[in-house]
$ cat my_file16.csv   # CSV, C-alpha atoms
chain,number,residue,atom,x,y,z
A,1,MET,CA,-51.0,-26.3,2.8
A,2,LYS,CA,-50.1,-27.9,6.2
A,3,LEU,CA,-46.6,-29.2,6.6
A,4,GLU,CA,-46.5,-32.4,8.7
A,5,VAL,CA,-43.3,-34.1,9.9
A,6,THR,CA,-43.4,-37.6,11.5
A,7,VAL,CA,-41.4,-38.6,14.5
A,8,SER,CA,-39.4,-41.0,12.4
A,9,GLU,CA,-38.4,-38.2,10.0
A,10,ILE,CA,-37.3,-36.0,12.9
A,11,THR,CA,-35.3,-39.0,14.2
A,12,ASP,CA,-33.6,-39.4,10.8
A,13,ILE,CA,-32.7,-35.7,10.7
A,14,PHE,CA,-31.1,-35.8,14.1
A,15,LYS,CA,-29.1,-38.9,13.3
A,16,GLU,CA,-27.8,-37.2,10.1
A,17,ILE,CA,-26.8,-34.2,12.1
A,18,GLN,CA,-25.0,-36.3,14.7
A,19,GLU,CA,-23.1,-38.0,11.9
A,20,GLN,CA,-22.4,-34.8,10.0
A,21,PRO,CA,-22.6,-31.8,12.5
A,22,GLY,CA,-21.9,-29.3,9.7
A,23,LYS,CA,-25.3,-30.3,8.2
A,24,LEU,CA,-27.1,-28.3,10.8
A,25,PHE,CA,-25.3,-25.1,10.0
A,26,GLU,CA,-25.9,-25.7,6.3
A,27,MET,CA,-29.6,-26.1,6.9
A,28,ILE,CA,-29.6,-22.9,9.0
A,29,ARG,CA,-27.8,-20.9,6.3
A,30,LEU,CA,-30.2,-22.1,3.6
A,31,ASP,CA,-33.1,-21.1,5.8
A,32,ILE,CA,-31.6,-17.7,6.4
A,33,ARG,CA,-30.9,-17.1,2.7
A,34,GLU,CA,-34.5,-17.9,1.9
A,35,VAL,CA,-35.9,-15.6,4.6
A,36,VAL,CA,-33.6,-12.7,3.5
A,37,GLY,CA,-34.5,-13.3,-0.2
A,38,ASN,CA,-38.2,-13.1,0.7
A,39,TYR,CA,-37.7,-10.0,2.8
A,40,LEU,CA,-35.9,-8.2,0.0
A,41,THR,CA,-38.6,-9.2,-2.5
A,42,GLU,CA,-41.3,-7.9,-0.2
A,43,MET,CA,-39.4,-4.6,0.2
A,44,MET,CA,-39.3,-4.2,-3.6
A,45,ASN,CA,-43.0,-5.0,-3.9
A,46,ALA,CA,-43.7,-2.3,-1.3
A,47,GLU,CA,-41.5,0.1,-3.3
A,48,LEU,CA,-43.4,-0.6,-6.5
A,49,THR,CA,-46.7,-0.1,-4.6
A,50,HIS,CA,-45.5,3.4,-3.5
A,51,TYR,CA,-44.3,4.2,-7.0
A,52,LEU,CA,-47.6,3.3,-8.6
A,53,GLY,CA,-49.6,4.9,-5.7
A,54,ARG,CA,-52.0,2.0,-5.2
A,55,GLU,CA,-52.2,-1.5,-3.8
A,56,PRO,CA,-52.2,-4.6,-6.0
A,57,TYR,CA,-55.4,-5.4,-7.9
A,58,VAL,CA,-56.7,-1.9,-7.5
A,59,ARG,CA,-58.1,-0.7,-10.9
A,60,VAL,CA,-57.6,2.8,-12.2
A,61,GLU,CA,-59.2,4.6,-15.1
A,62,GLY,CA,-57.3,6.0,-18.0
A,63,LYS,CA,-55.3,4.6,-20.9
A,64,ARG,CA,-51.9,5.9,-19.7
A,65,ALA,CA,-52.2,4.3,-16.2
A,66,ASN,CA,-49.2,2.1,-15.3
A,67,HIS,CA,-49.6,-1.4,-14.0
A,68,ARG,CA,-47.7,-4.2,-12.5
A,69,ASN,CA,-46.2,-6.6,-15.0
A,70,GLY,CA,-45.0,-9.7,-13.0
A,71,SER,CA,-41.4,-10.1,-11.9
A,72,TYR,CA,-38.1,-11.7,-12.8
A,73,GLY,CA,-35.8,-13.7,-10.6
A,74,ARG,CA,-32.1,-13.1,-10.0
A,75,GLY,CA,-29.4,-13.7,-7.5
A,76,PHE,CA,-27.8,-11.2,-5.2
A,77,THR,CA,-24.9,-11.8,-2.8
A,78,LEU,CA,-24.8,-10.4,0.7
A,79,LYS,CA,-21.9,-10.3,3.0
A,80,GLY,CA,-22.1,-12.9,5.8
A,81,ILE,CA,-25.2,-14.5,4.2
A,82,GLY,CA,-24.2,-15.5,0.7
A,83,GLU,CA,-26.3,-15.6,-2.5
A,84,VAL,CA,-30.0,-15.1,-2.1
A,85,HIS,CA,-32.8,-15.4,-4.7
A,86,VAL,CA,-35.0,-12.4,-5.2
A,87,ASP,CA,-38.0,-11.7,-7.4
A,88,ILE,CA,-37.7,-8.2,-8.8
A,89,PRO,CA,-41.1,-6.7,-9.7
A,90,ARG,CA,-41.7,-4.9,-13.0
A,91,ASP,CA,-44.1,-2.3,-14.3
A,92,ARG,CA,-45.8,-2.4,-17.7
A,93,ASN,CA,-44.1,0.9,-18.9
A,94,GLY,CA,-40.6,-0.2,-17.8
A,95,GLU,CA,-40.1,2.9,-15.7
A,96,PHE,CA,-39.7,1.4,-12.3
A,97,LYS,CA,-36.2,0.9,-10.9
A,98,THR,CA,-35.8,-0.5,-7.5
A,99,THR,CA,-33.3,1.1,-5.1
A,100,VAL,CA,-33.1,-2.0,-2.9
A,101,ILE,CA,-30.9,-3.9,-5.3
A,102,PRO,CA,-28.9,-2.0,-7.9
A,103,ARG,CA,-29.7,-3.3,-11.4
A,104,SER,CA,-26.0,-3.7,-12.5
A,105,LYS,CA,-24.7,-5.2,-9.2
A,106,GLN,CA,-24.4,-8.8,-8.5
A,107,TYR,CA,-23.3,-8.3,-4.8
A,108,GLU,CA,-23.4,-5.6,-2.2
A,109,GLU,CA,-20.6,-3.0,-1.9
A,110,GLU,CA,-19.2,-4.6,1.3
A,111,VAL,CA,-18.4,-7.8,-0.6
A,112,ALA,CA,-16.6,-5.9,-3.4
A,113,ARG,CA,-14.7,-3.9,-0.8
A,114,ASP,CA,-13.5,-7.0,1.1
A,115,PHE,CA,-12.3,-8.7,-2.1
A,116,SER,CA,-10.5,-5.5,-3.1
A,117,ILE,CA,-8.7,-5.4,0.2
A,118,LEU,CA,-7.7,-9.0,-0.1
A,119,PHE,CA,-6.4,-8.4,-3.6
A,120,LEU,CA,-4.4,-5.4,-2.5
A,121,ALA,CA,-3.0,-7.3,0.4
A,122,GLY,CA,-1.5,-9.9,-2.0
A,123,VAL,CA,-4.1,-12.5,-2.8
A,124,SER,CA,-4.2,-13.0,-6.6
A,125,THR,CA,-7.5,-12.6,-8.6
A,126,ARG,CA,-7.4,-16.3,-9.6
A,127,THR,CA,-7.1,-17.5,-5.9
A,128,LEU,CA,-9.9,-15.1,-4.9
A,129,SER,CA,-12.0,-16.5,-7.6
A,130,MET,CA,-11.5,-20.0,-6.4
A,131,LEU,CA,-12.1,-19.1,-2.8
A,132,SER,CA,-15.2,-16.9,-3.4
A,133,GLU,CA,-17.7,-19.8,-3.7
A,134,ARG,CA,-16.6,-21.0,-0.3
A,135,LEU,CA,-16.5,-17.6,1.3
A,136,ILE,CA,-19.7,-16.0,0.0
A,137,GLY,CA,-21.6,-18.9,-1.7
A,138,ARG,CA,-21.0,-17.5,-5.2
A,139,LYS,CA,-18.1,-17.8,-7.6
A,140,ILE,CA,-16.7,-14.4,-8.6
A,141,SER,CA,-14.6,-14.3,-11.8
A,142,PRO,CA,-11.1,-12.7,-11.8
A,143,ALA,CA,-12.4,-10.0,-14.1
A,144,GLU,CA,-15.1,-9.1,-11.6
A,145,ILE,CA,-12.5,-8.8,-8.8
A,146,SER,CA,-10.3,-6.6,-11.0
A,147,SER,CA,-13.3,-4.4,-11.8
A,148,ALA,CA,-14.2,-4.1,-8.1
A,149,SER,CA,-10.6,-3.0,-7.3
A,150,SER,CA,-10.7,-0.4,-10.1
A,151,ASP,CA,-13.5,1.3,-8.1
A,152,LEU,CA,-10.8,2.5,-5.7
A,153,ASN,CA,-9.1,4.5,-8.4
A,154,GLU,CA,-10.7,7.8,-7.5
A,155,ALA,CA,-9.9,7.4,-3.8
A,156,VAL,CA,-6.3,6.5,-4.7
A,157,GLU,CA,-5.9,9.6,-6.9
A,158,THR,CA,-7.5,11.8,-4.2
A,159,TRP,CA,-4.9,10.5,-1.7
A,160,ARG,CA,-2.0,10.9,-4.2
A,161,ARG,CA,-3.0,14.5,-4.9
A,162,ARG,CA,-3.9,15.4,-1.4
A,163,ASP,CA,-3.1,18.8,0.1
A,164,LEU,CA,0.2,18.9,2.0
A,165,SER,CA,0.0,22.4,3.4
A,166,GLU,CA,-0.8,21.1,6.9
A,167,GLU,CA,2.1,18.7,7.1
A,168,PRO,CA,5.2,20.3,8.7
A,169,VAL,CA,7.7,18.2,6.8
A,170,LYS,CA,11.4,18.8,7.8
A,171,TYR,CA,13.2,15.8,6.2
A,172,LEU,CA,12.7,14.0,2.8
A,173,PHE,CA,13.7,10.4,2.0
A,174,ILE,CA,13.8,10.1,-1.8
A,175,ASP,CA,14.2,7.1,-4.0
A,176,GLY,CA,12.8,5.3,-7.0
A,177,VAL,CA,11.7,1.7,-7.6
A,178,HIS,CA,11.1,-0.2,-10.8
A,179,PHE,CA,8.1,-2.3,-11.8
A,180,HIS,CA,7.3,-4.4,-14.8
A,181,MET,CA,4.1,-2.8,-16.2
A,182,ARG,CA,1.9,-3.6,-19.1
A,183,MET,CA,2.0,-0.5,-21.4
A,184,GLY,CA,-0.3,-1.1,-24.3
A,185,ARG,CA,0.8,-4.3,-26.0
A,186,THR,CA,4.3,-4.3,-24.5
A,187,ILE,CA,5.9,-4.9,-21.1
A,188,GLU,CA,8.1,-2.1,-19.8
A,189,SER,CA,10.3,-1.6,-16.7
A,190,ILE,CA,8.8,1.6,-15.3
A,191,PRO,CA,10.3,3.5,-12.4
A,192,VAL,CA,8.1,5.0,-9.7
A,193,LEU,CA,9.5,7.9,-7.8
A,194,VAL,CA,8.8,7.9,-4.1
A,195,ALA,CA,9.2,10.5,-1.3
A,196,ILE,CA,8.7,9.9,2.4
A,197,GLY,CA,8.4,13.0,4.6
A,198,VAL,CA,9.3,13.2,8.3
A,199,THR,CA,7.3,15.8,10.3
A,200,GLU,CA,8.3,18.0,13.2
A,201,THR,CA,7.0,15.3,15.6
A,202,GLY,CA,9.1,12.5,13.8
A,203,GLN,CA,6.1,10.9,12.1
A,204,LYS,CA,6.8,9.4,8.6
A,205,LEU,CA,4.4,9.9,5.8
A,206,VAL,CA,4.4,8.8,2.1
A,207,LEU,CA,4.1,12.1,0.3
A,208,SER,CA,4.2,11.1,-3.3
A,209,LEU,CA,4.2,8.2,-5.8
A,210,GLN,CA,4.8,9.3,-9.3
A,211,ALA,CA,6.0,7.4,-12.4
A,212,GLY,CA,9.1,9.0,-13.9
A,213,ASP,CA,12.7,8.4,-14.9
A,214,LYS,CA,14.8,8.0,-11.7
A,215,GLU,CA,18.0,8.7,-13.8
A,216,SER,CA,16.6,12.0,-15.1
A,217,ALA,CA,17.2,15.3,-13.4
A,218,THR,CA,14.1,16.7,-15.2
A,219,SER,CA,11.9,14.0,-13.8
A,220,TRP,CA,13.1,14.8,-10.2
A,221,ARG,CA,12.6,18.5,-10.7
A,222,GLU,CA,9.0,17.9,-11.8
A,223,PHE,CA,8.5,15.5,-8.9
A,224,PHE,CA,9.7,18.2,-6.3
A,225,LYS,CA,7.6,20.9,-8.0
A,226,ASP,CA,4.5,18.7,-7.7
A,227,LEU,CA,5.2,18.4,-4.0
A,228,LYS,CA,5.4,22.1,-3.6
A,229,SER,CA,2.3,22.7,-5.8
A,230,ARG,CA,0.3,20.6,-3.4
A,231,GLY,CA,1.2,22.9,-0.5
A,232,MET,CA,4.4,21.4,1.0
A,233,LYS,CA,6.4,24.3,2.4
A,234,GLY,CA,9.9,23.9,0.8
A,235,GLY,CA,11.4,26.4,3.3
A,236,ASN,CA,10.7,24.0,6.1
A,237,VAL,CA,12.7,21.1,4.5
A,238,THR,CA,16.1,21.0,6.1
A,239,LEU,CA,17.5,17.7,4.9
A,240,GLY,CA,17.1,15.3,2.0
A,241,ILE,CA,18.3,11.7,2.3
A,242,MET,CA,19.1,9.9,-1.0
A,243,ASP,CA,21.4,7.4,-2.6
A,244,GLY,CA,23.4,9.5,-4.9
A,245,LEU,CA,21.4,9.1,-8.1
A,246,PRO,CA,22.8,11.2,-11.0
A,247,GLY,CA,21.6,14.8,-10.9
A,248,LEU,CA,19.3,14.2,-7.9
A,249,GLU,CA,21.3,16.0,-5.3
A,250,THR,CA,21.9,19.0,-7.6
A,251,VAL,CA,18.1,19.3,-8.4
A,252,PHE,CA,17.2,18.9,-4.7
A,253,ARG,CA,19.5,21.7,-3.7
A,254,GLU,CA,18.1,24.0,-6.4
A,255,GLU,CA,14.4,23.2,-5.4
A,256,PHE,CA,15.2,23.3,-1.6
A,257,PRO,CA,18.0,25.9,-1.3
A,258,GLN,CA,17.8,25.9,2.5
A,259,ALA,CA,18.2,22.2,2.9
A,260,LYS,CA,21.3,20.0,3.1
A,261,THR,CA,21.8,16.5,1.5
A,262,GLN,CA,22.7,13.3,3.2
A,263,ARG,CA,24.0,10.5,1.0
A,264,CYS,CA,23.1,7.0,2.1
A,265,GLN,CA,26.2,5.4,3.8
A,266,VAL,CA,25.1,1.9,2.8
A,267,HIS,CA,25.2,2.8,-0.9
A,268,VAL,CA,28.5,4.6,-0.6
A,269,ALA,CA,30.0,1.7,1.3
A,270,ARG,CA,28.9,-0.7,-1.5
A,271,ASN,CA,30.5,1.6,-4.1
A,272,VAL,CA,33.7,1.7,-2.2
A,273,LEU,CA,33.8,-2.1,-1.6
A,274,ALA,CA,33.1,-2.8,-5.3
A,275,LYS,CA,36.6,-1.4,-6.0
A,276,VAL,CA,38.3,-3.6,-3.3
A,277,SER,CA,39.6,-7.1,-3.9
A,278,LYS,CA,38.2,-10.0,-1.8
A,279,LYS,CA,41.4,-10.1,0.3
A,280,PHE,CA,40.9,-6.6,1.8
A,281,LYS,CA,37.1,-6.3,1.8
A,282,LYS,CA,36.7,-7.2,5.5
A,283,ASP,CA,39.4,-4.8,6.7
A,284,VAL,CA,38.0,-2.0,4.5
A,285,ALA,CA,34.5,-2.6,5.7
A,286,ASN,CA,35.6,-2.3,9.3
A,287,ASP,CA,37.4,0.9,8.6
A,288,LEU,CA,34.3,2.3,6.9
A,289,ARG,CA,32.2,1.5,10.0
A,290,SER,CA,34.7,3.3,12.1
A,291,ILE,CA,34.0,6.5,10.0
A,292,PHE,CA,30.2,6.2,9.6
A,293,TYR,CA,29.4,5.1,13.2
A,294,ALA,CA,31.8,7.5,14.9
A,295,PRO,CA,30.4,9.3,18.0
A,296,SER,CA,31.2,12.7,16.7
A,297,ARG,CA,32.2,14.6,13.5
A,298,GLU,CA,35.7,15.1,14.7
A,299,THR,CA,36.2,11.4,15.4
A,300,ALA,CA,34.7,10.6,12.0
A,301,TRP,CA,37.2,12.9,10.2
A,302,ALA,CA,40.1,11.4,12.2
A,303,CYS,CA,39.0,7.9,11.1
A,304,PHE,CA,38.7,9.1,7.5
A,305,GLU,CA,42.3,10.5,7.5
A,306,ALA,CA,43.5,7.2,9.0
A,307,PHE,CA,41.6,5.4,6.2
A,308,ILE,CA,43.4,7.4,3.5
A,309,LYS,CA,46.8,6.9,5.1
A,310,ARG,CA,46.2,3.1,5.3
A,311,TRP,CA,44.7,2.4,1.9
A,312,GLU,CA,45.8,5.2,-0.5
A,313,LYS,CA,48.7,3.4,-2.0
A,314,THR,CA,47.1,-0.1,-2.0
A,315,LEU,CA,43.5,0.8,-3.0
A,316,PRO,CA,43.6,4.2,-4.7
A,317,SER,CA,40.3,3.8,-6.6
A,318,ALA,CA,38.4,2.9,-3.3
A,319,VAL,CA,39.9,5.9,-1.5
A,320,GLU,CA,39.1,8.2,-4.3
A,321,CYS,CA,35.5,6.9,-4.3
A,322,LEU,CA,35.1,7.6,-0.6
A,323,LYS,CA,36.7,11.1,-1.0
A,324,ARG,CA,34.0,12.1,-3.5
A,325,SER,CA,31.2,11.2,-1.1
A,326,ILE,CA,32.6,11.8,2.4
A,327,ASP,CA,31.2,15.3,2.9
A,328,ALA,CA,27.6,14.2,1.9
A,329,CYS,CA,27.9,11.1,4.1
A,330,LEU,CA,28.5,13.0,7.3
A,331,THR,CA,25.8,15.7,7.0
A,332,PHE,CA,23.7,13.9,9.7
A,333,PHE,CA,26.1,15.3,12.4
A,334,ASN,CA,24.4,18.7,11.9
A,335,PHE,CA,21.1,17.3,13.3
A,336,PRO,CA,20.0,16.0,16.8
A,337,SER,CA,22.0,13.0,17.9
A,338,GLU,CA,18.9,11.0,18.7
A,339,GLU,CA,18.0,11.1,15.0
A,340,TRP,CA,21.4,10.0,13.6
A,341,ILE,CA,20.5,6.4,13.4
A,342,SER,CA,17.6,7.2,11.0
A,343,LEU,CA,19.4,9.9,9.0
A,344,ARG,CA,22.5,8.0,8.1
A,345,THR,CA,20.9,5.8,5.4
A,346,THR,CA,17.9,5.5,3.2
A,347,ASN,CA,16.8,2.4,5.1
A,348,ILE,CA,13.4,3.9,5.8
A,349,ILE,CA,12.5,4.2,2.2
A,350,GLU,CA,14.3,1.0,1.2
A,351,ARG,CA,12.0,-0.8,3.7
A,352,LEU,CA,9.0,0.6,1.9
A,353,ASN,CA,10.4,-0.3,-1.5
A,354,LYS,CA,10.9,-3.9,-0.2
A,355,GLU,CA,7.2,-4.1,0.7
A,356,PHE,CA,6.4,-2.8,-2.8
A,357,ARG,CA,8.5,-5.5,-4.4
A,358,ARG,CA,7.2,-8.3,-2.1
A,359,ARG,CA,3.6,-7.4,-3.0
A,360,THR,CA,4.1,-7.1,-6.8
A,361,LYS,CA,6.4,-10.2,-7.1
A,362,VAL,CA,3.4,-12.6,-7.1
A,363,MET,CA,1.9,-10.6,-10.0
A,364,GLU,CA,5.1,-10.6,-12.1
A,365,ILE,CA,3.5,-7.9,-14.4
A,366,VAL,CA,1.4,-5.0,-13.1
A,367,ALA,CA,-1.6,-4.1,-15.2
A,368,GLY,CA,-0.6,-0.5,-15.9
A,369,GLU,CA,0.3,2.7,-14.0
A,370,THR,CA,-3.1,3.1,-12.4
A,371,ALA,CA,-3.2,-0.4,-11.1
A,372,CYS,CA,0.3,0.1,-9.7
A,373,TYR,CA,-0.7,3.2,-7.8
A,374,ARG,CA,-3.7,1.3,-6.3
A,375,ILE,CA,-1.4,-1.4,-4.8
A,376,LEU,CA,1.4,1.0,-3.7
A,377,ALA,CA,-1.1,3.4,-2.1
A,378,TYR,CA,-2.5,0.5,0.0
A,379,ILE,CA,0.9,-0.6,1.1
A,380,SER,CA,1.9,3.0,1.9
A,381,LEU,CA,-1.1,3.5,4.2
A,382,LYS,CA,-0.4,0.2,5.9
A,383,MET,CA,3.2,1.2,6.5
A,384,GLU,CA,2.2,4.6,7.9
A,385,LEU,CA,0.1,2.8,10.5
A,386,HIS,CA,3.2,0.8,11.5
A,387,TRP,CA,5.4,3.9,11.6
A,388,ARG,CA,3.1,5.6,14.1
A,389,SER,CA,4.7,3.5,16.9
A,390,ASN,CA,8.2,4.2,15.7
A,391,PRO,CA,8.8,7.9,15.0
A,392,VAL,CA,12.2,9.3,14.0
A,393,GLY,CA,14.2,10.4,17.0
A,394,LYS,CA,12.3,8.3,19.5
A,395,VAL,CA,14.8,5.4,19.6
A,396,ARG,CA,14.0,2.9,22.3
A,397,LYS,CA,16.7,2.7,25.0
A,398,ASN,CA,17.2,-1.0,24.6
A,399,LEU,CA,18.3,-0.8,20.9
A,400,PRO,CA,21.9,-2.2,20.6
A,401,PHE,CA,23.4,0.5,18.4
A,402,PHE,CA,22.9,4.1,19.7
A,403,LYS,CA,25.4,6.9,20.3
A,404,GLU,CA,28.5,5.6,22.1
A,405,LEU,CA,27.2,2.0,22.2
A,406,ALA,CA,27.3,1.9,18.4
A,407,TYR,CA,30.8,3.1,18.4
A,408,GLU,CA,31.7,0.6,21.2
A,409,ASN,CA,30.3,-2.5,19.5
A,410,PHE,CA,30.5,-1.9,15.7
A,411,THR,CA,33.6,0.1,15.0
A,412,GLN,CA,37.3,-0.3,15.3
A,413,LYS,CA,38.8,2.0,17.9
A,414,ASN,CA,42.1,3.1,16.3

$ encode --input "my_file16.csv" --output "structure tokens"
Amino acid sequence: MKLEVTVSEITDIFKEIQEQPGKLFEMIRLDIREVVGNYLTEMMNAELTHYLGREPYVRVEGKRANHRNGSYGRGFTLKGIGEVHVDIPRDRNGEFKTTVIPRSKQYEEEVARDFSILFLAGVSTRTLSMLSERLIGRKISPAEISSASSDLNEAVETWRRRDLSEEPVKYLFIDGVHFHMRMGRTIESIPVLVAIGVTETGQKLVLSLQAGDKESATSWREFFKDLKSRGMKGGNVTLGIMDGLPGLETVFREEFPQAKTQRCQVHVARNVLAKVSKKFKKDVANDLRSIFYAPSRETAWACFEAFIKRWEKTLPSAVECLKRSIDACLTFFNFPSEEWISLRTTNIIERLNKEFRRRTKVMEIVAGETACYRILAYISLKMELHWRSNPVGKVRKNLPFFKELAYENFTQKN
């Protein structure tokens, strides 16, 4: 059949394109999809020819000989092209299975991978479902997107259980964060225990994500044993930075007997200020900064003695609270001064937890422990990329608080 187009029809087409420029690209996309669909169909026909061992219409003798048996149409979505129509050939015995297009797949792996990344990055399944038709020319249901994301489970578990024997970890930042998870038919607030390790070169790595009770010493003990069972050398760990959770420091010292503990100064300051009336909060906070940001251990202890002398009679509960924690708050002085700014607090792990909460806030409820690990693993790997340019101990010279400059600008000089 010969296709003929008149001059007037061509003129009408160009007028339509001038009025609606996007029409041209739509026509191109339709043409490309048709060409690709035909190409895939021809590939599958050639595959069936190879399978049967003869060209179409070639007769063979024997009752058991297999034959072509028509085809059936279906759609398949390709990245960058959209949904194409293909005709999948069949054989009479039902034995032929094409390798060009997987029987159970509606789209290629690249499409599933891209939607999984968008979901992990924070776009909800409902939003992705609404956008999918515009993005790839085919609507993908929320259930399909969730199913595509679940394909990452094995990779996430491999990462969570990876060998740590080659990681020279010297410091551990430890904390826990709660998530609302669907557990069976109920919604529970489940803590996830988190550990960030700092290597000899100052690089930060997320070492472990494990559901457990952050208030339980037994949970923390199993958490540390798991780290060591994966090859982490406990003898290399010299410091653990934590926020004073019940039993955590005791368990840490037992599991890492050669390491010291640093209690987060921010958490201690909050506990102290919680016992101070509004009238004195500002003055007490200034005195606490004088202790915590002192340029040396000797100066810090001198400021601590001055704090006791000034507030012991007026605020005995606050003074007693600080006394219980002061030794653990000043452990960082035993380590290189260029690392003090990172070792004083649990800010590093709090920043990671903030990213965890920001991502899961839009979900309200996480669909179980496995789904939670998927999301947290993605965020952890993304944060590790960011940390590469900001290792511990490599503080930029233009940062405002560092060494004496911190003492000069942010403390009271008594």

$ residues_around --input "my_file16.csv" --residues "Arg263 of chain A" --least-positions-apart "4" --cutoff "9 Å" --atoms "only C-alpha atoms" --output "MDAnalysis selection string"
chainID A and resid 240:244 249 267:268 325:331 344:346

$ closest_atom_pairs --input "my_file16.csv" --of "segment 292-370 of chain A" --to "segment 208-222 of chain A" --cutoff "12 Å" --atoms "only C-alpha atoms" --output "Markdown table"
| residue | atom | partner | partner_atom | distance |
| --- | --- | --- | --- | --- |
| A:Leu352 | CA | A:Leu209 | CA | 11.8 |
| A:Asn353 | CA | A:Leu209 | CA | 11.4 |
| A:Phe356 | CA | A:Leu209 | CA | 11.6 |
| A:Gly368 | CA | A:Ala211 | CA | 10.9 |
| A:Glu369 | CA | A:Ala211 | CA | 7.6 |
| A:Thr370 | CA | A:Ala211 | CA | 10.1 |

$ atom_distance --input "my_file16.csv" --atom1 "atom CA of Tyr107 of chain A" --atom2 "atom CA of Ala143 of chain A"
14.4 Å

$ atom_distance --input "my_file16.csv" --atom1 "atom CA of Lys225 of chain A" --atom2 "atom CA of Leu248 of chain A"
13.5 Å

$ closest_residue --input "my_file16.csv" --among "A:Asn390, A:Thr99, A:Asn334, A:Thr238" --to "Arg297 of chain A" --atoms "all atoms listed in the file"
A:Asn334

$ residues_near_point --input "my_file16.csv" --point "(-38.3, -6.1, 1.8)" --cutoff "12 Å" --atoms "all atoms listed in the file" --output "mmCIF file with C-alpha atoms, in the coordinates of the input"
data_model
loop_
_atom_site.group_PDB
_atom_site.id
_atom_site.type_symbol
_atom_site.label_atom_id
_atom_site.label_comp_id
_atom_site.auth_asym_id
_atom_site.auth_seq_id
_atom_site.Cartn_x
_atom_site.Cartn_y
_atom_site.Cartn_z
ATOM 1 C CA VAL A 35 -35.900 -15.600 4.600
ATOM 2 C CA VAL A 36 -33.600 -12.700 3.500
ATOM 3 C CA GLY A 37 -34.500 -13.300 -0.200
ATOM 4 C CA ASN A 38 -38.200 -13.100 0.700
ATOM 5 C CA TYR A 39 -37.700 -10.000 2.800
ATOM 6 C CA LEU A 40 -35.900 -8.200 0.000
ATOM 7 C CA THR A 41 -38.600 -9.200 -2.500
ATOM 8 C CA GLU A 42 -41.300 -7.900 -0.200
ATOM 9 C CA MET A 43 -39.400 -4.600 0.200
ATOM 10 C CA MET A 44 -39.300 -4.200 -3.600
ATOM 11 C CA ASN A 45 -43.000 -5.000 -3.900
ATOM 12 C CA ALA A 46 -43.700 -2.300 -1.300
ATOM 13 C CA GLU A 47 -41.500 0.100 -3.300
ATOM 14 C CA LEU A 48 -43.400 -0.600 -6.500
ATOM 15 C CA VAL A 86 -35.000 -12.400 -5.200
ATOM 16 C CA ASP A 87 -38.000 -11.700 -7.400
ATOM 17 C CA ILE A 88 -37.700 -8.200 -8.800
ATOM 18 C CA PRO A 89 -41.100 -6.700 -9.700
ATOM 19 C CA THR A 98 -35.800 -0.500 -7.500
ATOM 20 C CA THR A 99 -33.300 1.100 -5.100
ATOM 21 C CA VAL A 100 -33.100 -2.000 -2.900
ATOM 22 C CA ILE A 101 -30.900 -3.900 -5.300
#

$ closest_residue --input "my_file16.csv" --among "A:Val198, A:Ala371, A:Val169, A:Leu343" --to "Gly235 of chain A" --atoms "only C-alpha atoms"
A:Val169

$ closest_residue --input "my_file16.csv" --among "A:Ala269, A:Val206, A:Ile32, A:Val392" --to "Ile341 of chain A" --atoms "only C-alpha atoms"
A:Val392

$ closest_residue --input "my_file16.csv" --among "A:Thr360, A:Thr250, A:Thr299, A:Ser132" --to "Met181 of chain A" --atoms "only C-alpha atoms"
A:Thr360

$ residues_near_point --input "my_file16.csv" --point "(10.3, -3.7, 0.3)" --cutoff "12 Å" --atoms "all atoms listed in the file" --output "short mmCIF file (atom, residue, chain, number, x, y, z; two decimals) with C-alpha atoms, in the coordinates of the input"
data_model
loop_
_atom_site.label_atom_id
_atom_site.label_comp_id
_atom_site.auth_asym_id
_atom_site.auth_seq_id
_atom_site.Cartn_x
_atom_site.Cartn_y
_atom_site.Cartn_z
CA GLY A 176 12.80 5.30 -7.00
CA VAL A 177 11.70 1.70 -7.60
CA HIS A 178 11.10 -0.20 -10.80
CA ASN A 347 16.80 2.40 5.10
CA ILE A 348 13.40 3.90 5.80
CA ILE A 349 12.50 4.20 2.20
CA GLU A 350 14.30 1.00 1.20
CA ARG A 351 12.00 -0.80 3.70
CA LEU A 352 9.00 0.60 1.90
CA ASN A 353 10.40 -0.30 -1.50
CA LYS A 354 10.90 -3.90 -0.20
CA GLU A 355 7.20 -4.10 0.70
CA PHE A 356 6.40 -2.80 -2.80
CA ARG A 357 8.50 -5.50 -4.40
CA ARG A 358 7.20 -8.30 -2.10
CA ARG A 359 3.60 -7.40 -3.00
CA THR A 360 4.10 -7.10 -6.80
CA LYS A 361 6.40 -10.20 -7.10
CA LEU A 376 1.40 1.00 -3.70
CA ILE A 379 0.90 -0.60 1.10
CA SER A 380 1.90 3.00 1.90
CA MET A 383 3.20 1.20 6.50
#
